[in-house]
$ cat upload.pdb   # PDB, C-alpha atoms
ATOM      1  CA  MET P  54      26.149  77.427 -27.759  1.00  0.00           C
ATOM      2  CA  LEU P  55      27.754  77.698 -31.197  1.00  0.00           C
ATOM      3  CA  ALA P  56      27.251  73.996 -31.831  1.00  0.00           C
ATOM      4  CA  TYR P  57      23.518  74.136 -31.192  1.00  0.00           C
ATOM      5  CA  THR P  58      22.844  77.550 -32.715  1.00  0.00           C
ATOM      6  CA  PHE P  59      24.596  76.846 -36.004  1.00  0.00           C
ATOM      7  CA  GLY P  60      25.372  73.132 -35.884  1.00  0.00           C
ATOM      8  CA  ILE P  61      21.843  71.787 -35.954  1.00  0.00           C
ATOM      9  CA  PRO P  62      20.563  73.980 -38.818  1.00  0.00           C
ATOM     10  CA  LEU P  63      23.762  73.427 -40.823  1.00  0.00           C
ATOM     11  CA  SER P  64      23.525  69.671 -40.203  1.00  0.00           C
ATOM     12  CA  ILE P  65      19.931  69.602 -41.454  1.00  0.00           C
ATOM     13  CA  PHE P  66      20.958  71.624 -44.508  1.00  0.00           C
ATOM     14  CA  ALA P  67      23.886  69.242 -45.193  1.00  0.00           C
ATOM     15  CA  PHE P  68      21.584  66.226 -44.820  1.00  0.00           C
ATOM     16  CA  LEU P  69      19.030  67.642 -47.263  1.00  0.00           C
ATOM     17  CA  LEU P  70      21.620  68.850 -49.782  1.00  0.00           C
ATOM     18  CA  VAL P  71      23.785  65.727 -49.870  1.00  0.00           C
ATOM     19  CA  GLY P  72      20.730  63.465 -49.688  1.00  0.00           C
ATOM     20  CA  ALA P  73      19.134  65.238 -52.639  1.00  0.00           C
ATOM     21  CA  LEU P  74      22.338  65.160 -54.696  1.00  0.00           C
ATOM     22  CA  PHE P  75      22.922  61.456 -54.136  1.00  0.00           C
ATOM     23  CA  GLY P  76      19.223  60.609 -54.397  1.00  0.00           C
ATOM     24  CA  THR P  77      18.816  62.205 -57.810  1.00  0.00           C
ATOM     25  CA  ALA P  78      22.112  60.843 -59.148  1.00  0.00           C
ATOM     26  CA  GLY P  79      21.190  57.192 -58.675  1.00  0.00           C
ATOM     27  CA  PRO P  80      18.268  54.971 -59.664  1.00  0.00           C
ATOM     28  CA  ASP P  81      16.941  54.724 -56.095  1.00  0.00           C
ATOM     29  CA  PRO P  82      15.691  58.006 -54.518  1.00  0.00           C
ATOM     30  CA  ASN P  83      16.506  56.637 -51.044  1.00  0.00           C
ATOM     31  CA  ALA P  84      20.175  56.199 -51.953  1.00  0.00           C
ATOM     32  CA  GLY P  85      20.942  59.651 -50.552  1.00  0.00           C
ATOM     33  CA  LEU P  86      19.813  58.940 -46.986  1.00  0.00           C
ATOM     34  CA  MET P  87      23.047  57.407 -45.706  1.00  0.00           C
ATOM     35  CA  PRO P  88      25.420  59.921 -47.381  1.00  0.00           C
ATOM     36  CA  GLY P  89      23.184  62.735 -46.123  1.00  0.00           C
ATOM     37  CA  PHE P  90      23.296  61.338 -42.604  1.00  0.00           C
ATOM     38  CA  ILE P  91      27.082  61.038 -42.741  1.00  0.00           C
ATOM     39  CA  ALA P  92      27.388  64.622 -44.014  1.00  0.00           C
ATOM     40  CA  ALA P  93      25.102  65.878 -41.227  1.00  0.00           C
ATOM     41  CA  CYS P  94      27.178  64.068 -38.589  1.00  0.00           C
ATOM     42  CA  ALA P  95      30.411  65.496 -40.013  1.00  0.00           C
ATOM     43  CA  VAL P  96      29.037  69.047 -40.002  1.00  0.00           C
ATOM     44  CA  PHE P  97      27.766  68.716 -36.424  1.00  0.00           C
ATOM     45  CA  ALA P  98      31.098  67.222 -35.279  1.00  0.00           C
ATOM     46  CA  GLY P  99      32.910  70.174 -36.853  1.00  0.00           C
ATOM     47  CA  CYS P 100      30.655  72.633 -35.030  1.00  0.00           C
ATOM     48  CA  MET P 101      31.239  70.786 -31.736  1.00  0.00           C
ATOM     49  CA  SER P 102      34.996  70.990 -32.299  1.00  0.00           C
ATOM     50  CA  LEU P 103      34.758  74.737 -32.881  1.00  0.00           C
ATOM     51  CA  GLN P 104      32.642  75.047 -29.718  1.00  0.00           C
ATOM     52  CA  LYS P 105      35.288  73.248 -27.664  1.00  0.00           C
ATOM     53  CA  LYS P 106      37.996  75.562 -29.023  1.00  0.00           C
ATOM     54  CA  ALA P 107      35.879  78.616 -28.190  1.00  0.00           C
ATOM     55  CA  ASN P 108      35.235  77.326 -24.654  1.00  0.00           C
ATOM     56  CA  ASN P 109      38.945  76.653 -24.145  1.00  0.00           C
ATOM     57  CA  ALA P 110      39.883  80.147 -25.357  1.00  0.00           C
ATOM     58  CA  LEU P 111      37.323  81.646 -22.957  1.00  0.00           C
ATOM     59  CA  GLU P 112      38.398  79.554 -19.959  1.00  0.00           C
ATOM     60  CA  HIS P 113      42.143  80.046 -20.505  1.00  0.00           C
ATOM     61  CA  PRO P 114      42.717  83.509 -22.022  1.00  0.00           C
ATOM     62  CA  GLU P 115      46.150  84.673 -23.080  1.00  0.00           C
ATOM     63  CA  ALA P 116      48.469  85.911 -20.358  1.00  0.00           C
ATOM     64  CA  ILE P 117      48.300  89.623 -19.636  1.00  0.00           C
ATOM     65  CA  MET P 118      51.616  91.504 -19.624  1.00  0.00           C
ATOM     66  CA  VAL P 119      51.686  94.745 -17.607  1.00  0.00           C
ATOM     67  CA  ASN P 120      54.364  97.293 -16.731  1.00  0.00           C
ATOM     68  CA  CYS P 121      54.151  97.258 -12.949  1.00  0.00           C
ATOM     69  CA  SER P 122      55.448  95.266 -10.015  1.00  0.00           C
ATOM     70  CA  PRO P 123      53.945  91.847  -9.274  1.00  0.00           C
ATOM     71  CA  GLU P 124      52.618  93.147  -5.939  1.00  0.00           C
ATOM     72  CA  ARG P 125      50.816  96.037  -7.653  1.00  0.00           C
ATOM     73  CA  ALA P 126      49.298  93.689 -10.254  1.00  0.00           C
ATOM     74  CA  PHE P 127      48.198  91.297  -7.494  1.00  0.00           C
ATOM     75  CA  THR P 128      46.529  94.151  -5.592  1.00  0.00           C
ATOM     76  CA  SER P 129      44.838  95.426  -8.748  1.00  0.00           C
ATOM     77  CA  VAL P 130      43.391  92.001  -9.599  1.00  0.00           C
ATOM     78  CA  TYR P 131      42.266  91.478  -6.004  1.00  0.00           C
ATOM     79  CA  GLU P 132      40.491  94.848  -5.881  1.00  0.00           C
ATOM     80  CA  THR P 133      38.832  94.189  -9.239  1.00  0.00           C
ATOM     81  CA  LEU P 134      37.502  90.826  -8.081  1.00  0.00           C
ATOM     82  CA  VAL P 135      36.139  92.368  -4.875  1.00  0.00           C
ATOM     83  CA  GLU P 136      34.026  94.759  -6.959  1.00  0.00           C
ATOM     84  CA  CYS P 137      33.138  92.402  -9.819  1.00  0.00           C
ATOM     85  CA  HIS P 138      30.037  90.204  -9.728  1.00  0.00           C
ATOM     86  CA  ALA P 139      27.777  88.057 -11.876  1.00  0.00           C
ATOM     87  CA  SER P 140      24.061  87.892 -11.373  1.00  0.00           C
ATOM     88  CA  ASP P 141      23.608  88.949  -7.734  1.00  0.00           C
ATOM     89  CA  SER P 142      26.620  87.032  -6.380  1.00  0.00           C
ATOM     90  CA  TYR P 143      30.127  88.262  -5.681  1.00  0.00           C
ATOM     91  CA  TRP P 144      33.450  86.448  -5.896  1.00  0.00           C
ATOM     92  CA  SER P 145      34.649  84.630  -2.773  1.00  0.00           C
ATOM     93  CA  LEU P 146      38.400  85.254  -2.644  1.00  0.00           C
ATOM     94  CA  GLN P 147      41.300  83.293  -1.180  1.00  0.00           C
ATOM     95  CA  PRO P 148      44.532  85.199  -1.711  1.00  0.00           C
ATOM     96  CA  LEU P 149      47.727  83.197  -1.353  1.00  0.00           C
ATOM     97  CA  GLN P 150      50.130  86.065  -0.635  1.00  0.00           C
ATOM     98  CA  ASN P 151      53.350  84.038  -0.530  1.00  0.00           C
ATOM     99  CA  SER P 152      52.862  82.687  -4.039  1.00  0.00           C
ATOM    100  CA  LEU P 153      50.997  85.683  -5.532  1.00  0.00           C
ATOM    101  CA  LYS P 154      47.973  83.544  -6.406  1.00  0.00           C
ATOM    102  CA  ILE P 155      44.276  84.186  -5.972  1.00  0.00           C
ATOM    103  CA  VAL P 156      41.676  81.454  -5.955  1.00  0.00           C
ATOM    104  CA  ALA P 157      38.254  82.998  -6.479  1.00  0.00           C
ATOM    105  CA  THR P 158      34.911  81.215  -6.449  1.00  0.00           C
ATOM    106  CA  LEU P 159      31.579  82.440  -7.736  1.00  0.00           C
ATOM    107  CA  ARG P 160      28.391  80.515  -6.969  1.00  0.00           C
ATOM    108  CA  PHE P 161      24.940  81.537  -8.027  1.00  0.00           C
ATOM    109  CA  SER P 162      21.585  79.961  -8.799  1.00  0.00           C
ATOM    110  CA  GLU P 163      19.102  80.500 -11.580  1.00  0.00           C
ATOM    111  CA  MET P 164      15.510  79.435 -11.719  1.00  0.00           C
ATOM    112  CA  LEU P 165      14.903  77.151 -14.689  1.00  0.00           C
ATOM    113  CA  CYS P 166      11.645  75.769 -15.949  1.00  0.00           C
ATOM    114  CA  ALA P 167      11.404  72.026 -15.335  1.00  0.00           C
ATOM    115  CA  GLY P 168       8.116  70.927 -16.793  1.00  0.00           C
ATOM    116  CA  GLU P 169       5.430  72.979 -15.083  1.00  0.00           C
ATOM    117  CA  SER P 170       7.519  74.053 -12.102  1.00  0.00           C
ATOM    118  CA  LEU P 171      10.574  76.181 -11.523  1.00  0.00           C
ATOM    119  CA  LYS P 172      13.658  74.652  -9.962  1.00  0.00           C
ATOM    120  CA  PRO P 173      16.930  76.295  -8.954  1.00  0.00           C
ATOM    121  CA  GLU P 174      19.966  75.445 -11.065  1.00  0.00           C
ATOM    122  CA  ASN P 175      23.328  75.994  -9.363  1.00  0.00           C
ATOM    123  CA  ARG P 176      26.201  77.546 -11.297  1.00  0.00           C
ATOM    124  CA  PHE P 177      29.835  77.480 -10.205  1.00  0.00           C
ATOM    125  CA  ILE P 178      32.907  79.303 -11.545  1.00  0.00           C
ATOM    126  CA  ARG P 179      36.396  78.973 -10.089  1.00  0.00           C
ATOM    127  CA  LEU P 180      39.113  81.393 -11.144  1.00  0.00           C
ATOM    128  CA  VAL P 181      42.808  80.858 -10.465  1.00  0.00           C
ATOM    129  CA  VAL P 182      44.914  83.984 -10.966  1.00  0.00           C
ATOM    130  CA  THR P 183      48.683  83.593 -11.020  1.00  0.00           C
ATOM    131  CA  VAL P 184      50.881  86.696 -10.951  1.00  0.00           C
ATOM    132  CA  ARG P 185      54.537  86.305 -11.947  1.00  0.00           C
ATOM    133  CA  GLY P 186      57.266  88.842 -12.271  1.00  0.00           C
ATOM    134  CA  VAL P 187      59.102  88.482 -15.554  1.00  0.00           C
ATOM    135  CA  THR P 188      62.040  90.741 -16.460  1.00  0.00           C
ATOM    136  CA  ASP P 189      62.603  94.489 -16.700  1.00  0.00           C
ATOM    137  CA  GLY P 190      59.709  95.461 -14.428  1.00  0.00           C
ATOM    138  CA  LYS P 191      57.124  93.512 -16.415  1.00  0.00           C
ATOM    139  CA  THR P 192      54.565  91.259 -14.797  1.00  0.00           C
ATOM    140  CA  MET P 193      52.592  88.393 -16.325  1.00  0.00           C
ATOM    141  CA  VAL P 194      49.081  87.628 -15.077  1.00  0.00           C
ATOM    142  CA  ASN P 195      47.530  84.258 -15.988  1.00  0.00           C
ATOM    143  CA  LEU P 196      43.808  83.601 -15.633  1.00  0.00           C
ATOM    144  CA  SER P 197      42.304  80.104 -15.609  1.00  0.00           C
ATOM    145  CA  TYR P 198      38.572  79.563 -15.241  1.00  0.00           C
ATOM    146  CA  TYR P 199      36.886  76.287 -14.356  1.00  0.00           C
ATOM    147  CA  ILE P 200      33.148  76.268 -15.049  1.00  0.00           C
ATOM    148  CA  HIS P 201      30.509  73.889 -13.734  1.00  0.00           C
ATOM    149  CA  SER P 202      27.131  74.708 -15.192  1.00  0.00           C
ATOM    150  CA  PRO P 203      24.755  71.860 -15.967  1.00  0.00           C
ATOM    151  CA  HIS P 204      22.085  72.431 -18.636  1.00  0.00           C
ATOM    152  CA  GLY P 205      23.854  75.290 -20.413  1.00  0.00           C
ATOM    153  CA  ARG P 206      26.691  77.589 -19.534  1.00  0.00           C
ATOM    154  CA  TRP P 207      25.818  80.848 -21.302  1.00  0.00           C
ATOM    155  CA  THR P 208      25.298  82.788 -18.064  1.00  0.00           C
ATOM    156  CA  CYS P 209      28.675  81.586 -16.789  1.00  0.00           C
ATOM    157  CA  ASP P 210      30.299  82.524 -20.100  1.00  0.00           C
ATOM    158  CA  GLU P 211      28.962  86.060 -19.751  1.00  0.00           C
ATOM    159  CA  GLY P 212      30.317  86.294 -16.194  1.00  0.00           C
ATOM    160  CA  VAL P 213      33.729  85.084 -17.388  1.00  0.00           C
ATOM    161  CA  ARG P 214      33.787  87.636 -20.220  1.00  0.00           C
ATOM    162  CA  VAL P 215      32.842  90.513 -17.915  1.00  0.00           C
ATOM    163  CA  THR P 216      35.365  89.507 -15.255  1.00  0.00           C
ATOM    164  CA  THR P 217      38.208  89.042 -17.749  1.00  0.00           C
ATOM    165  CA  ALA P 218      37.491  92.411 -19.370  1.00  0.00           C
ATOM    166  CA  ALA P 219      37.390  94.143 -15.964  1.00  0.00           C
ATOM    167  CA  ILE P 220      40.695  92.565 -14.902  1.00  0.00           C
ATOM    168  CA  LYS P 221      42.385  93.552 -18.187  1.00  0.00           C
ATOM    169  CA  ARG P 222      41.021  97.100 -17.980  1.00  0.00           C
ATOM    170  CA  ASP P 223      42.159  97.608 -14.385  1.00  0.00           C
ATOM    171  CA  LEU P 224      45.582  96.030 -14.996  1.00  0.00           C
ATOM    172  CA  MET P 225      46.261  98.344 -17.914  1.00  0.00           C
ATOM    173  CA  ALA P 226      45.441 101.293 -15.676  1.00  0.00           C
ATOM    174  CA  ALA P 227      47.715 100.038 -12.862  1.00  0.00           C
TER     175      ALA P 227
END

$ encode --input "upload.pdb" --output "structure tokens"
Amino acid sequence: MLAYTFGIPLSIFAFLLVGALFGTAGPDPNAGLMPGFIAACAVFAGCMSLQKKANNALEHPEAIMVNCSPERAFTSVYETLVECHASDSYWSLQPLQNSLKIVATLRFSEMLCAGESLKPENRFIRLVVTVRGVTDGKTMVNLSYYIHSPHGRWTCDEGVRVTTAAIKRDLMAA
């Protein structure tokens, strides 16, 4: 969303600024079109790169270190996911007890305007939680999200933020 919210206006601004500077510096007023276009492409590419970094940081947050046993952390995450939801859908959980992993899936639909009619758009989030005991009674919890959301992912991003915050909050209380 960052790339489109800021990237397009900044690209237009870069095009106009660089185009005007090069157009007034030379004998031909159209001489600034190509440098302006190149500047606009560079600005938009930079915004897209920042968007990819932001998406990666959201999908793979830093590991959470807690002062409890791995079994207690696993139970806390499981209970949090049972209660947590996005839109009107809840997480479908598959706990893998022997390896202290949880594979959670969240599917929901939104109605989007397609021309003059509304059509459902399916959203899909998969969360893999890995709980590992480290040393001295500390436990590390890794979260990895995989998002499939055609035509925009802002609703999925909000669900990921809420779920991550709930897991962190409940783990710190465990």

$ closest_atom_pairs --input "upload.pdb" --of "segment 111-186 of chain P" --to "segment 205-212 of chain P" --cutoff "8 Å" --atoms "all atoms listed in the file" --output "tab-separated table"
residue	atom	partner	partner_atom	distance
P:Leu111	CA	P:Asp210	CA	7.6
P:His138	CA	P:Gly212	CA	7.6
P:Ala139	CA	P:Gly212	CA	5.3
P:Arg176	CA	P:Cys209	CA	7.3
P:Phe177	CA	P:Cys209	CA	7.8
P:Ile178	CA	P:Cys209	CA	7.1

$ resolve_selection --input "upload.pdb" --expression "the PyMOL selection byres ((chain P and resi 82-90) around 12)" --output "list in words"
Leu63, Ser64, Ile65, Phe66, Ala67, Phe68, Leu69, Leu70, Val71, Gly72, Ala73, Leu74, Phe75, Gly76, Thr77, Ala78, Gly79, Pro80, Asp81, Ile91, Ala92, Ala93, Cys94, Ala95, Val96 and Phe97 of chain P

$ write_last_selection --input "upload.pdb" --atoms "C-alpha atoms" --output "compact mmCIF listing (two decimals), keeping the file's coordinate frame"
# COMPACT_ATOMS: atom_id res chain seq x y z
CA LEU P 63 23.76 73.43 -40.82
CA SER P 64 23.52 69.67 -40.20
CA ILE P 65 19.93 69.60 -41.45
CA PHE P 66 20.96 71.62 -44.51
CA ALA P 67 23.89 69.24 -45.19
CA PHE P 68 21.58 66.23 -44.82
CA LEU P 69 19.03 67.64 -47.26
CA LEU P 70 21.62 68.85 -49.78
CA VAL P 71 23.78 65.73 -49.87
CA GLY P 72 20.73 63.46 -49.69
CA ALA P 73 19.13 65.24 -52.64
CA LEU P 74 22.34 65.16 -54.70
CA PHE P 75 22.92 61.46 -54.14
CA GLY P 76 19.22 60.61 -54.40
CA THR P 77 18.82 62.20 -57.81
CA ALA P 78 22.11 60.84 -59.15
CA GLY P 79 21.19 57.19 -58.68
CA PRO P 80 18.27 54.97 -59.66
CA ASP P 81 16.94 54.72 -56.10
CA ILE P 91 27.08 61.04 -42.74
CA ALA P 92 27.39 64.62 -44.01
CA ALA P 93 25.10 65.88 -41.23
CA CYS P 94 27.18 64.07 -38.59
CA ALA P 95 30.41 65.50 -40.01
CA VAL P 96 29.04 69.05 -40.00
CA PHE P 97 27.77 68.72 -36.42

$ closest_residue --input "upload.pdb" --among "P:Arg214, P:Arg125, P:Lys105, P:His113" --to "Gly190 of chain P" --atoms "only C-alpha atoms"
P:Arg125

$ resolve_selection --input "upload.pdb" --expression "the PyMOL selection byres ((chain P and resi 132) around 12)" --output "list in words"
Arg125, Ala126, Phe127, Thr128, Ser129, Val130, Tyr131, Thr133, Leu134, Val135, Glu136, Cys137, Trp144, Leu146, Pro148, Ile155, Thr216, Ala219, Ile220, Asp223, Leu224 and Ala227 of chain P

$ write_last_selection --input "upload.pdb" --atoms "C-alpha atoms" --output "PDB file, in the frame of the given file"
ATOM      1  CA  ARG P 125      50.816  96.037  -7.653  1.00  0.00           C
ATOM      2  CA  ALA P 126      49.298  93.689 -10.254  1.00  0.00           C
ATOM      3  CA  PHE P 127      48.198  91.297  -7.494  1.00  0.00           C
ATOM      4  CA  THR P 128      46.529  94.151  -5.592  1.00  0.00           C
ATOM      5  CA  SER P 129      44.838  95.426  -8.748  1.00  0.00           C
ATOM      6  CA  VAL P 130      43.391  92.001  -9.599  1.00  0.00           C
ATOM      7  CA  TYR P 131      42.266  91.478  -6.004  1.00  0.00           C
ATOM      8  CA  THR P 133      38.832  94.189  -9.239  1.00  0.00           C
ATOM      9  CA  LEU P 134      37.502  90.826  -8.081  1.00  0.00           C
ATOM     10  CA  VAL P 135      36.139  92.368  -4.875  1.00  0.00           C
ATOM     11  CA  GLU P 136      34.026  94.759  -6.959  1.00  0.00           C
ATOM     12  CA  CYS P 137      33.138  92.402  -9.819  1.00  0.00           C
ATOM     13  CA  TRP P 144      33.450  86.448  -5.896  1.00  0.00           C
ATOM     14  CA  LEU P 146      38.400  85.254  -2.644  1.00  0.00           C
ATOM     15  CA  PRO P 148      44.532  85.199  -1.711  1.00  0.00           C
ATOM     16  CA  ILE P 155      44.276  84.186  -5.972  1.00  0.00           C
ATOM     17  CA  THR P 216      35.365  89.507 -15.255  1.00  0.00           C
ATOM     18  CA  ALA P 219      37.390  94.143 -15.964  1.00  0.00           C
ATOM     19  CA  ILE P 220      40.695  92.565 -14.902  1.00  0.00           C
ATOM     20  CA  ASP P 223      42.159  97.608 -14.385  1.00  0.00           C
ATOM     21  CA  LEU P 224      45.582  96.030 -14.996  1.00  0.00           C
ATOM     22  CA  ALA P 227      47.715 100.038 -12.862  1.00  0.00           C
TER      23      ALA P 227
END

$ atom_distance --input "upload.pdb" --atom1 "atom CA of Arg179 of chain P" --atom2 "atom CA of Tyr143 of chain P"
12.0 Å

$ resolve_selection --input "upload.pdb" --expression "the PyMOL selection byres ((chain P and resi 165) around 12)" --output "PyMOL selection string"
chain P and resi 162-164+166-176+203-205

$ closest_residue --input "upload.pdb" --among "P:Thr192, P:Tyr198, P:Phe161, P:Val215" --to "Ile117 of chain P" --atoms "only C-alpha atoms"
P:Thr192

$ residues_around --input "upload.pdb" --residues "Thr183 of chain P" --least-positions-apart "3" --cutoff "9 Å" --atoms "all atoms listed in the file" --output "ChimeraX atom specification"
/P:127,152-156,193-197

$ atom_distance --input "upload.pdb" --atom1 "atom CA of Ala98 of chain P" --atom2 "atom CA of Val213 of chain P"
25.4 Å

$ atom_distance --input "upload.pdb" --atom1 "atom CA of Asn108 of chain P" --atom2 "atom CA of Leu149 of chain P"
27.1 Å

$ closest_residue --input "upload.pdb" --among "P:Arg160, P:Val119, P:Lys191, P:Ala107" --to "Ala226 of chain P" --atoms "only C-alpha atoms"
P:Val119

$ axis_aligned_box --input "upload.pdb" --around "segment 164-183 of chain P" --padding-each-side "6 Å" --output "lines of an AutoDock Vina configuration file"
center_x = 27.1
center_y = 77.5
center_z = -12.9
size_x = 55.3
size_y = 25.1
size_z = 19.8

$ closest_residue --input "upload.pdb" --among "P:Gln147, P:Ser202, P:Asn109, P:Gln104" --to "Leu180 of chain P" --atoms "all atoms listed in the file"
P:Gln147

$ closest_residue --input "upload.pdb" --among "P:Cys121, P:Ile200, P:Val184, P:Ala110" --to "Asn151 of chain P" --atoms "all atoms listed in the file"
P:Val184
